[in-house]
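To keep things clear, I will list the structure first and then write my remarks on it.
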Amino acid sequence: MNDRIIDSGDMRKYRTEIPNSIDDAGLSVYAFRLYAHLKRVAGDSGKCWQSTATLAESCNMSGGMISKAKSWPAQN
């Protein structure tokens, strides 16, 4: 009997790696949260097509805070 379990799924299903330089960048907590979510969903292409409303819902932020976080540090 074979009791092995093989998971050949994408590792992004289980974790997201964030470079230490992002943690050291002095981002606001909102910009950091947005970065982490974008890093998770962007995939290998680095592109994310989620709307501001979807990002806001996923990150538990308002749409205005998403827009502000996107422009960090320009408006902060």
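Going through the structure tokens in order, the chains are called A, B, and so on, while each chain numbers its residues from 1 and the ligands are numbered from 1 in the order shown.
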Could you give me, as an mmCIF file with N, CA and C atoms, in the first residue's frame, the residues within 12 Å of A:Ala69, counting only C-alpha atoms and dropping anything in the same chain fewer than 4 positions from it?
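File around_1.cif, as written:
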data_model
loop_
_atom_site.group_PDB
_atom_site.id
_atom_site.type_symbol
_atom_site.label_atom_id
_atom_site.label_comp_id
_atom_site.auth_asym_id
_atom_site.auth_seq_id
_atom_site.Cartn_x
_atom_site.Cartn_y
_atom_site.Cartn_z
ATOM 1 N N LEU A 27 7.886 51.623 5.093
ATOM 2 C CA LEU A 27 6.529 51.740 4.574
ATOM 3 C C LEU A 27 5.533 51.917 5.711
ATOM 4 N N SER A 28 4.434 52.570 5.406
ATOM 5 C CA SER A 28 3.347 52.615 6.380
ATOM 6 C C SER A 28 2.795 51.199 6.526
ATOM 7 N N VAL A 29 2.060 50.942 7.593
ATOM 8 C CA VAL A 29 1.476 49.611 7.759
ATOM 9 C C VAL A 29 0.518 49.301 6.607
ATOM 10 N N TYR A 30 -0.110 50.333 6.051
ATOM 11 C CA TYR A 30 -1.042 50.141 4.947
ATOM 12 C C TYR A 30 -0.307 49.788 3.657
ATOM 13 N N ALA A 31 0.784 50.499 3.396
ATOM 14 C CA ALA A 31 1.582 50.210 2.202
ATOM 15 C C ALA A 31 2.209 48.823 2.301
ATOM 16 N N PHE A 32 2.658 48.443 3.507
ATOM 17 C CA PHE A 32 3.246 47.119 3.699
ATOM 18 C C PHE A 32 2.195 46.038 3.466
ATOM 19 N N ARG A 33 1.000 46.227 3.998
ATOM 20 C CA ARG A 33 -0.077 45.246 3.815
ATOM 21 C C ARG A 33 -0.448 45.119 2.351
ATOM 22 N N LEU A 34 -0.539 46.245 1.658
ATOM 23 C CA LEU A 34 -0.862 46.215 0.232
ATOM 24 C C LEU A 34 0.239 45.501 -0.541
ATOM 25 N N TYR A 35 1.496 45.797 -0.231
ATOM 26 C CA TYR A 35 2.609 45.124 -0.904
ATOM 27 C C TYR A 35 2.513 43.611 -0.713
ATOM 28 N N ALA A 36 2.271 43.185 0.526
ATOM 29 C CA ALA A 36 2.195 41.751 0.816
ATOM 30 C C ALA A 36 1.088 41.090 0.004
ATOM 31 N N LEU A 38 -0.239 42.213 -2.879
ATOM 32 C CA LEU A 38 0.141 42.243 -4.291
ATOM 33 C C LEU A 38 1.195 41.188 -4.593
ATOM 34 N N THR A 52 -9.316 48.502 -7.301
ATOM 35 C CA THR A 52 -9.120 49.117 -5.989
ATOM 36 C C THR A 52 -10.114 48.543 -4.987
ATOM 37 N N LEU A 55 -8.932 45.076 -3.993
ATOM 38 C CA LEU A 55 -7.760 45.196 -3.124
ATOM 39 C C LEU A 55 -8.181 45.646 -1.733
ATOM 40 N N ALA A 56 -9.087 46.613 -1.674
ATOM 41 C CA ALA A 56 -9.556 47.120 -0.388
ATOM 42 C C ALA A 56 -10.214 46.014 0.427
ATOM 43 N N CYS A 59 -7.572 43.459 1.626
ATOM 44 C CA CYS A 59 -6.629 43.989 2.613
ATOM 45 C C CYS A 59 -7.311 44.593 3.835
ATOM 46 N N MET A 61 -9.102 47.324 4.012
ATOM 47 C CA MET A 61 -8.854 48.765 4.006
ATOM 48 C C MET A 61 -9.926 49.441 3.166
ATOM 49 N N SER A 62 -10.014 50.747 3.293
ATOM 50 C CA SER A 62 -10.911 51.507 2.430
ATOM 51 C C SER A 62 -10.240 51.712 1.071
ATOM 52 N N GLY A 63 -11.032 52.044 0.082
ATOM 53 C CA GLY A 63 -10.479 52.341 -1.239
ATOM 54 C C GLY A 63 -9.537 53.529 -1.195
ATOM 55 N N GLY A 64 -9.887 54.521 -0.388
ATOM 56 C CA GLY A 64 -9.018 55.684 -0.241
ATOM 57 C C GLY A 64 -7.670 55.334 0.348
ATOM 58 N N MET A 65 -7.670 54.428 1.321
ATOM 59 C CA MET A 65 -6.413 54.021 1.936
ATOM 60 C C MET A 65 -5.574 53.202 0.955
ATOM 61 N N PRO A 73 5.836 56.972 -0.708
ATOM 62 C CA PRO A 73 5.625 57.938 0.354
ATOM 63 C C PRO A 73 5.142 59.305 -0.145
ATOM 64 N N ALA A 74 4.827 59.431 -1.417
ATOM 65 C CA ALA A 74 4.496 60.733 -2.002
ATOM 66 C C ALA A 74 3.452 61.515 -1.211
ATOM 67 N N GLN A 75 2.377 60.851 -0.763
ATOM 68 C CA GLN A 75 1.304 61.570 -0.078
ATOM 69 C C GLN A 75 1.300 61.303 1.421
ATOM 70 N N ASN A 76 2.288 60.645 1.939
ATOM 71 C CA ASN A 76 2.273 60.269 3.350
ATOM 72 C C ASN A 76 3.294 61.018 4.150
#
**Prompt:** Near A:Gly43, counting only C-alpha atoms, which residues have an atom at most 12 Å away, once you skip same-chain residues fewer than 5 positions from it, shown as a ChimeraX atom specification?
**Reply:** /A:10-13,16-17,37-38,48-49
**Request:** List every residue of chain A that DSSP, applied to the backbone of this structure, places in helix (DSSP H, G or I), and write the result as a ChimeraX atom specification.
**Result:** /A:11-13,20-23,29-42,52-59,63-70
**Request:** Go through A:Ile6, A:Ser71, A:Tyr14, A:Ile66 and flag the residue nearest A:Arg40, using only C-alpha atoms for the distances.
**Result:**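 Closest to A:Arg40, using only C-alpha atoms: A:Tyr14.
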**Item:** Separation of atom CA of A:Thr54 from atom CA of A:Arg15 in Å
**Value:**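 Taking atom CA of A:Arg15 as the start and atom CA of A:Thr54 as the end point, the length is 20.5 Å.
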